[in-house]
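Enquirer: Structure supplied as upload.txt; contents: compact mmCIF, C-alpha atoms.
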```txt
# COMPACT_ATOMS: atom_id res chain seq x y z
CA MET A 1 29.22 -19.24 -28.89
CA ARG A 2 25.59 -19.44 -30.07
CA ALA A 3 25.58 -23.21 -29.67
CA VAL A 4 26.85 -22.84 -26.10
CA GLU A 5 24.25 -20.23 -25.18
CA ALA A 6 21.45 -22.38 -26.58
CA VAL A 7 22.10 -25.24 -24.17
CA LEU A 8 22.99 -23.42 -20.96
CA THR A 9 20.35 -22.90 -18.30
CA TYR A 10 19.84 -19.58 -16.46
CA GLY A 11 20.97 -17.42 -19.38
CA GLY A 12 18.79 -15.47 -21.78
CA GLY A 13 15.13 -15.65 -20.84
CA TRP A 14 11.99 -14.12 -22.27
CA LEU A 15 12.25 -10.70 -20.65
CA ASP A 16 13.16 -7.33 -22.08
CA ARG A 17 14.90 -5.92 -18.99
CA ALA A 18 13.81 -2.41 -20.08
CA GLY A 19 16.58 -0.68 -18.15
CA GLN A 20 15.33 2.75 -19.19
CA LEU A 21 12.23 2.30 -17.02
CA ARG A 22 14.20 1.80 -13.83
CA ALA A 23 14.80 5.55 -13.51
CA ASP A 24 11.09 6.35 -13.75
CA PRO A 25 9.45 5.50 -10.40
CA ALA A 26 6.10 6.99 -11.41
CA ARG A 27 5.92 4.79 -14.50
CA LEU A 28 6.93 1.72 -12.48
CA ALA A 29 4.22 2.44 -9.92
CA THR A 30 1.68 2.65 -12.73
CA LEU A 31 2.90 -0.62 -14.22
CA LEU A 32 2.78 -2.34 -10.84
CA ALA A 33 -0.87 -1.38 -10.49
CA GLU A 34 -1.90 -2.59 -13.91
CA PRO A 35 -3.98 -5.80 -13.93
CA THR A 36 -1.88 -7.28 -16.73
CA SER A 37 1.35 -7.05 -14.74
CA THR A 38 2.77 -10.28 -13.33
CA LEU A 39 4.49 -10.92 -10.01
CA LEU A 40 6.99 -13.72 -9.39
CA PRO A 41 6.88 -14.48 -5.64
CA LEU A 42 9.87 -15.95 -3.81
CA TRP A 43 10.42 -17.00 -0.24
CA ARG A 44 13.97 -17.12 1.14
CA ASP A 45 15.50 -17.92 -2.26
CA HIS A 46 12.83 -20.53 -3.03
CA CYS A 47 10.21 -20.47 -5.77
CA LEU A 48 6.62 -20.69 -4.67
CA VAL A 49 5.18 -23.44 -6.83
CA ALA A 50 1.85 -25.05 -7.70
CA ALA A 51 1.75 -28.35 -9.57
CA ASP A 52 5.57 -28.27 -9.59
CA LEU A 53 5.71 -25.01 -11.57
CA PRO A 54 6.43 -21.46 -10.31
CA VAL A 55 3.27 -19.49 -9.60
CA ARG A 56 2.61 -16.21 -11.41
CA LEU A 57 0.46 -13.67 -9.61
CA THR A 58 -1.97 -11.18 -11.13
CA GLY A 59 -5.07 -9.35 -9.89
CA ASP A 60 -6.13 -9.93 -6.28
CA ARG A 61 -3.39 -12.50 -5.65
CA ALA A 62 -0.77 -9.97 -6.74
CA ALA A 63 -2.28 -7.25 -4.54
CA GLY A 64 -2.28 -9.59 -1.56
CA ALA A 65 1.39 -10.47 -2.03
CA LEU A 66 2.38 -6.81 -2.51
CA ALA A 67 0.72 -5.90 0.78
CA VAL A 68 3.03 -8.21 2.75
CA ALA A 69 6.18 -8.17 0.59
CA ASP A 70 9.56 -7.22 2.03
CA GLU A 71 10.82 -6.04 -1.35
CA THR A 72 9.45 -5.57 -4.85
CA VAL A 73 11.77 -5.33 -7.85
CA PHE A 74 11.13 -4.63 -11.51
CA LEU A 75 12.45 -7.42 -13.73
CA GLY A 76 11.36 -6.20 -17.16
CA MET A 77 8.68 -6.33 -19.84
CA HIS A 78 7.15 -9.25 -21.70
CA ASP A 79 4.64 -8.88 -24.53
CA GLY A 80 3.83 -5.35 -23.38
CA SER A 81 3.25 -6.27 -19.73
CA ALA A 82 5.50 -5.64 -16.75
CA VAL A 83 7.03 -8.42 -14.68
CA PHE A 84 8.06 -7.90 -11.05
CA ALA A 85 9.49 -10.12 -8.32
CA VAL A 86 8.34 -9.93 -4.71
CA ASP A 87 10.19 -11.20 -1.67
CA LEU A 88 8.00 -12.82 0.98
CA SER A 89 10.89 -13.95 3.18
CA GLY A 90 9.56 -12.07 6.19
CA LEU A 91 6.58 -14.41 6.38
CA PRO A 92 6.52 -17.93 7.78
CA GLU A 93 6.69 -20.42 4.94
CA ALA A 94 3.09 -21.51 5.42
CA ALA A 95 1.88 -17.91 5.20
CA ALA A 96 3.87 -17.27 2.00
CA VAL A 97 2.39 -20.39 0.46
CA GLU A 98 -1.13 -19.38 1.46
CA VAL A 99 -1.01 -15.77 0.25
CA THR A 100 0.24 -16.83 -3.17
CA GLY A 101 -2.00 -19.85 -3.61
CA ALA A 102 1.06 -22.05 -3.95
CA GLY A 103 1.56 -25.59 -2.80
CA ALA A 104 5.17 -25.42 -1.62
CA ALA A 105 8.44 -23.47 -1.69
CA VAL A 106 11.12 -25.16 -3.81
CA ASP A 107 14.66 -24.30 -4.94
CA VAL A 108 14.69 -23.34 -8.62
CA ARG A 109 17.52 -25.83 -9.23
CA ALA A 110 15.17 -28.64 -8.23
CA LEU A 111 12.74 -27.55 -10.95
CA VAL A 112 15.14 -27.43 -13.87
CA GLY A 113 13.94 -30.67 -15.42
CA ARG A 114 10.41 -29.25 -15.62
CA LEU A 115 11.24 -25.71 -16.76
CA GLU A 116 12.21 -24.42 -20.16
CA PRO A 117 15.69 -22.80 -20.05
CA ALA A 118 14.20 -19.34 -20.60
CA GLU A 119 11.77 -19.82 -17.72
CA ALA A 120 14.56 -20.99 -15.44
CA ALA A 121 16.59 -17.93 -16.46
CA VAL A 122 13.89 -15.48 -15.40
CA GLN A 123 13.26 -17.31 -12.14
CA ALA A 124 16.97 -17.36 -11.32
CA TYR A 125 17.23 -13.65 -12.19
CA ALA A 126 14.49 -12.88 -9.67
CA ARG A 127 16.11 -15.11 -7.05
CA GLY A 128 19.53 -13.51 -7.41
CA LEU A 129 18.25 -9.95 -7.27
CA LEU A 130 16.06 -10.51 -4.21
CA HIS A 131 18.89 -12.34 -2.42
CA TRP A 132 21.14 -9.33 -3.02
CA HIS A 133 18.57 -6.99 -1.44
CA ARG A 134 18.43 -9.05 1.72
CA GLN A 135 22.22 -8.91 2.02
CA GLN A 136 22.54 -5.14 1.46
CA ARG A 137 20.26 -3.68 4.11
CA PHE A 138 23.09 -1.57 5.50
CA CYS A 139 25.82 0.61 4.03
CA GLY A 140 29.28 -0.94 4.13
CA THR A 141 30.87 2.51 4.49
CA CYS A 142 28.96 4.11 7.37
CA GLY A 143 26.61 1.38 8.61
CA ALA A 144 23.40 3.33 7.98
CA SER A 145 20.36 1.65 6.47
CA THR A 146 19.91 1.52 2.69
CA ASP A 147 16.85 2.06 0.52
CA ALA A 148 15.95 0.42 -2.77
CA ARG A 149 15.94 2.62 -5.88
CA GLY A 150 16.06 2.18 -9.62
CA GLY A 151 13.26 -0.35 -9.67
CA GLY A 152 15.20 -2.50 -7.23
CA HIS A 153 18.51 -2.44 -9.12
CA VAL A 154 20.25 0.02 -6.79
CA ARG A 155 20.34 0.53 -3.04
CA ALA A 156 21.31 3.93 -1.63
CA CYS A 157 22.66 4.78 1.80
CA ALA A 158 20.01 6.75 3.69
CA ARG A 159 22.55 8.94 5.49
CA PRO A 160 22.73 12.28 3.62
CA ASP A 161 26.44 12.89 4.20
CA CYS A 162 27.27 9.43 2.81
CA GLY A 163 24.76 8.56 0.09
CA ARG A 164 26.76 5.61 -1.18
CA LEU A 165 25.13 3.73 -4.04
CA LEU A 166 25.22 -0.07 -3.95
CA PHE A 167 24.76 -2.14 -7.09
CA PRO A 168 24.28 -5.91 -7.46
CA ARG A 169 27.69 -7.58 -7.56
CA ILE A 170 28.68 -10.60 -9.60
CA GLU A 171 31.22 -13.14 -8.33
CA PRO A 172 33.01 -14.62 -11.36
CA ALA A 173 34.42 -18.13 -11.20
CA VAL A 174 36.31 -20.15 -13.79
CA ILE A 175 35.45 -23.75 -14.57
CA VAL A 176 37.92 -25.72 -16.66
CA LEU A 177 38.13 -28.91 -18.67
CA ILE A 178 41.82 -29.87 -18.70
CA GLU A 179 43.09 -32.15 -21.47
CA ALA A 180 46.13 -34.41 -21.23
CA PRO A 181 49.23 -33.31 -23.17
CA GLY A 182 49.56 -36.53 -25.17
CA ALA A 183 47.80 -39.65 -26.40
CA PRO A 184 45.46 -41.18 -25.60
CA GLU A 185 43.10 -38.22 -25.36
CA ARG A 186 41.98 -37.78 -21.78
CA CYS A 187 40.53 -35.11 -19.51
CA LEU A 188 41.22 -34.46 -15.84
CA LEU A 189 38.37 -34.79 -13.35
CA ALA A 190 38.52 -34.48 -9.59
CA ARG A 191 36.55 -35.44 -6.51
CA HIS A 192 35.83 -32.39 -4.42
CA ALA A 193 35.67 -32.25 -0.64
CA GLY A 194 32.23 -33.35 0.48
CA ALA A 195 31.50 -35.25 -2.74
CA PRO A 196 30.64 -38.95 -2.45
CA GLU A 197 33.12 -41.65 -3.40
CA GLY A 198 33.46 -41.93 -7.16
CA ALA A 199 31.83 -38.55 -7.92
CA TYR A 200 34.11 -36.62 -10.27
CA SER A 201 33.71 -33.23 -11.93
CA THR A 202 35.71 -30.53 -13.67
CA LEU A 203 37.86 -28.12 -11.70
CA ALA A 204 36.72 -24.62 -10.78
CA GLY A 205 37.59 -21.64 -8.62
CA PHE A 206 36.82 -17.99 -7.98
CA VAL A 207 38.60 -15.14 -9.71
CA GLU A 208 40.68 -13.02 -7.33
CA VAL A 209 41.21 -9.27 -7.28
CA GLY A 210 43.84 -8.13 -9.77
CA GLU A 211 43.82 -11.14 -12.08
CA SER A 212 42.32 -11.88 -15.47
CA LEU A 213 40.10 -14.87 -16.12
CA GLU A 214 43.02 -16.66 -17.77
CA ASP A 215 45.23 -15.86 -14.76
CA ALA A 216 42.59 -17.41 -12.51
CA VAL A 217 42.54 -20.59 -14.62
CA ARG A 218 46.31 -21.01 -14.34
CA ARG A 219 46.42 -20.21 -10.61
CA GLU A 220 43.46 -22.37 -9.58
CA MET A 221 44.63 -25.41 -11.53
CA ALA A 222 48.10 -25.12 -10.01
CA GLU A 223 46.82 -24.57 -6.47
CA GLU A 224 44.16 -27.26 -6.39
CA ALA A 225 45.62 -29.99 -8.59
CA GLY A 226 49.30 -29.08 -9.00
CA VAL A 227 48.79 -28.85 -12.76
CA THR A 228 50.44 -26.28 -15.00
CA VAL A 229 48.18 -25.51 -17.96
CA THR A 230 48.75 -23.98 -21.38
CA ASP A 231 46.53 -23.11 -24.36
CA VAL A 232 43.83 -21.62 -22.14
CA ALA A 233 40.79 -21.07 -24.38
CA TYR A 234 37.41 -19.51 -23.56
CA VAL A 235 34.36 -21.70 -24.23
CA GLY A 236 31.36 -19.81 -22.85
CA SER A 237 29.78 -18.36 -19.73
CA GLN A 238 26.72 -19.07 -17.64
CA ALA A 239 24.67 -17.05 -15.20
CA TRP A 240 24.76 -18.80 -11.83
CA PRO A 241 22.84 -16.63 -9.33
CA PHE A 242 23.25 -19.02 -6.40
CA PRO A 243 23.63 -16.50 -4.99
CA ALA A 244 25.64 -14.25 -7.34
CA GLY A 245 27.95 -16.31 -9.51
CA LEU A 246 29.01 -16.07 -13.12
CA MET A 247 30.59 -19.30 -14.34
CA VAL A 248 33.15 -18.80 -17.11
CA GLY A 249 34.08 -21.99 -18.95
CA PHE A 250 37.50 -22.76 -20.40
CA ARG A 251 39.46 -25.59 -21.93
CA ALA A 252 43.17 -25.91 -21.31
CA THR A 253 46.00 -28.39 -21.88
CA ALA A 254 48.19 -29.70 -19.08
CA ALA A 255 51.94 -29.31 -19.46
CA SER A 256 52.41 -32.79 -17.97
CA GLU A 257 50.31 -35.65 -16.62
CA ASP A 258 51.53 -35.11 -13.06
CA VAL A 259 48.71 -34.37 -10.63
CA ARG A 260 49.05 -33.32 -6.99
CA VAL A 261 45.75 -32.42 -5.28
CA ASP A 262 45.70 -29.99 -2.36
CA GLY A 263 43.84 -32.40 -0.06
CA GLU A 264 41.49 -29.63 1.04
CA GLU A 265 39.28 -28.56 -1.85
CA LEU A 266 40.18 -31.61 -3.94
CA LEU A 267 40.55 -35.09 -2.44
CA GLU A 268 41.66 -36.89 -5.61
CA ALA A 269 42.00 -36.34 -9.34
CA ARG A 270 42.60 -38.64 -12.27
CA TRP A 271 42.64 -38.74 -16.05
CA PHE A 272 39.67 -40.21 -17.94
CA THR A 273 39.45 -41.38 -21.52
CA ARG A 274 36.25 -40.82 -23.49
CA ASP A 275 35.42 -44.50 -23.29
CA GLU A 276 35.71 -44.41 -19.51
CA LEU A 277 33.34 -41.45 -19.33
CA ARG A 278 30.87 -43.17 -21.65
CA GLU A 279 30.97 -46.22 -19.38
CA ARG A 280 30.18 -43.99 -16.42
CA THR A 281 27.16 -42.43 -18.12
CA ALA A 282 25.96 -45.87 -19.22
CA ALA A 283 26.16 -46.95 -15.58
CA GLY A 284 23.93 -44.05 -14.55
CA ARG A 285 26.62 -41.74 -13.26
CA PRO A 286 25.91 -38.23 -14.61
CA LEU A 287 28.65 -36.02 -16.00
CA GLY A 288 28.08 -32.73 -14.23
CA ARG A 289 24.82 -31.12 -13.15
CA VAL A 290 22.33 -31.08 -16.00
CA ASP A 291 21.81 -27.33 -15.50
CA SER A 292 25.51 -26.45 -15.33
CA ILE A 293 28.17 -25.44 -17.83
CA ASP A 294 30.15 -28.30 -16.27
CA HIS A 295 27.73 -30.64 -18.06
CA HIS A 296 28.29 -28.83 -21.37
CA LEU A 297 32.09 -28.89 -21.09
CA LEU A 298 32.15 -32.63 -20.49
CA HIS A 299 29.56 -33.62 -23.10
CA SER A 300 31.04 -31.38 -25.80
CA TRP A 301 34.45 -32.97 -25.12
CA LEU A 302 32.89 -36.41 -25.47
CA ALA A 303 31.16 -35.44 -28.70
CA ALA A 304 34.41 -34.13 -30.17
CA GLY A 305 35.88 -37.61 -30.06
CA THR A 306 33.11 -39.46 -31.89
```
Take the structure in the file and give it back as structure tokens.
Expert:
Amino acid sequence: MRAVEAVLTYGGGWLDRAGQLRADPARLATLLAEPTSTLLPLWRDHCLVAADLPVRLTGDRAAGALAVADETVFLGMHDGSAVFAVDLSGLPEAAAVEVTGAGAAVDVRALVGRLEPAEAAVQAYARGLLHWHRQQRFCGTCGASTDARGGGHVRACARPDCGRLLFPRIEPAVIVLIEAPGAPERCLLARHAGAPEGAYSTLAGFVEVGESLEDAVRREMAEEAGVTVTDVAYVGSQAWPFPAGLMVGFRATAASEDVRVDGEELLEARWFTRDELRERTAAGRPLGRVDSIDHHLLHSWLAAGT
């Protein structure tokens, strides 16, 4: 698994999340006021960037952003200094750009080619946590407002006779590279609804209540592509906070070559040999998003056949 983790974006990062500090609001307030602390500003799930890189706020810039922030969350420690994220979504975009000294607001996924994986991981962590706060302003049990606690890692219902605690939720999804049952060696790729003609990728789907990850692999492959799979094997996982996903990668073998797409999520599916995939890459057609585990599943399968 170490080889998988080394190549996947949005996992790891350079932060010590320092969970023990979350229960100490006085210490967090002190850290927030320290001149060495750093703020990562975001605006409606977008990074605020300068020269195509996320801005980092300290000193007067940090104080200015804190004064107008909707939410401030503690992310962790780095080299003895605290790192926080601030949500400026309540401002117009131009105002958020101005107060942070940024040049624009950009989706972190558009920056991946210019960020180190660890940097992308921290930025995505901030994005996912701030998105969760905006979606949990009210208690799902009684409808009362909620307040942030635990350094921004918990929200609590403000109604005394309820007091429900809300924690960030992860939505796991499986993503699968399916191999043909016989020679020649091939993998199954599909064109999803909304994808352009000729754009193929691996199959994926969300895990449902009451099923294991392996159960989800078997169900999703049967529902979407009419394929019964065996030899389901875990490959690796990837943080995907867009907004709250966890992608869990598998390889599996089809029981037969018969394919029957559902016509809703998948429009077509077909088997590809390694040579066919190499021809596609040579023609400039990428195999999966460069920042996705989809990319790793496909390229590791290609490499296994060389």
Enquirer: Return as JSON lines the residues of segment 232-255 of chain A lying at most 7 Å from segment 155-179 of chain A, together with the closest atom-to-atom pair for each and the distance in Å to one decimal, counting only C-alpha atoms, with rows in chain order and ascending residue number.
Expert:
```
{"residue": "A:Ala244", "atom": "CA", "partner": "A:Ile170", "partner_atom": "CA", "distance": 5.3}
{"residue": "A:Gly245", "atom": "CA", "partner": "A:Glu171", "partner_atom": "CA", "distance": 4.7}
{"residue": "A:Leu246", "atom": "CA", "partner": "A:Pro172", "partner_atom": "CA", "distance": 4.6}
{"residue": "A:Met247", "atom": "CA", "partner": "A:Ala173", "partner_atom": "CA", "distance": 5.1}
{"residue": "A:Val248", "atom": "CA", "partner": "A:Val174", "partner_atom": "CA", "distance": 4.8}
{"residue": "A:Gly249", "atom": "CA", "partner": "A:Ile175", "partner_atom": "CA", "distance": 4.9}
{"residue": "A:Phe250", "atom": "CA", "partner": "A:Val176", "partner_atom": "CA", "distance": 4.8}
{"residue": "A:Arg251", "atom": "CA", "partner": "A:Leu177", "partner_atom": "CA", "distance": 4.8}
{"residue": "A:Ala252", "atom": "CA", "partner": "A:Ile178", "partner_atom": "CA", "distance": 4.9}
{"residue": "A:Thr253", "atom": "CA", "partner": "A:Glu179", "partner_atom": "CA", "distance": 4.8}
{"residue": "A:Ala254", "atom": "CA", "partner": "A:Glu179", "partner_atom": "CA", "distance": 6.1}
```
Enquirer: Could you check which of A:Glu34, A:Glu116, A:Asp79, A:Glu268 is closest to Asp291 of chain A, using all atoms listed in the file?
Expert: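 Checking each of A:Glu34, A:Glu116, A:Asp79, A:Glu268 against Asp291 of chain A, counting all atoms listed in the file, the winner is A:Glu116.
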Enquirer: Please list as a list of chain:residue names every residue within 12 Å of Ala63 of chain A, counting only C-alpha atoms and excluding residues in the same chain fewer than 3 positions away.
Expert: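 Once the adjacent positions are removed, what remains is A:Leu32, A:Ala33, A:Glu34, A:Pro35, A:Ser37, A:Thr38, A:Leu39, A:Pro41, A:Leu57, A:Thr58, A:Gly59, A:Asp60, A:Leu66, A:Ala67, A:Val68, A:Ala69, A:Thr72, A:Val86, A:Val99, A:Thr100.
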Enquirer: Could you check which of A:Gly150, A:Leu15, A:Glu197, A:Cys142 is closest to Arg27 of chain A, using only C-alpha atoms?
Expert: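 Once distances to Arg27 of chain A are computed over only C-alpha atoms, the minimum belongs to A:Gly150.
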Enquirer: Mind giving me the straight-line distance from atom CA of Leu21 of chain A to atom CA of Leu130 of chain A in Å, one decimal?
Expert: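 Taking atom CA of Leu21 of chain A and atom CA of Leu130 of chain A, their separation equals 18.5 Å.
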Enquirer: What is the distance between atom CA of Pro54 of chain A and atom CA of Ser89 of chain A, in Å to one decimal?
Expert: 16.1 Å
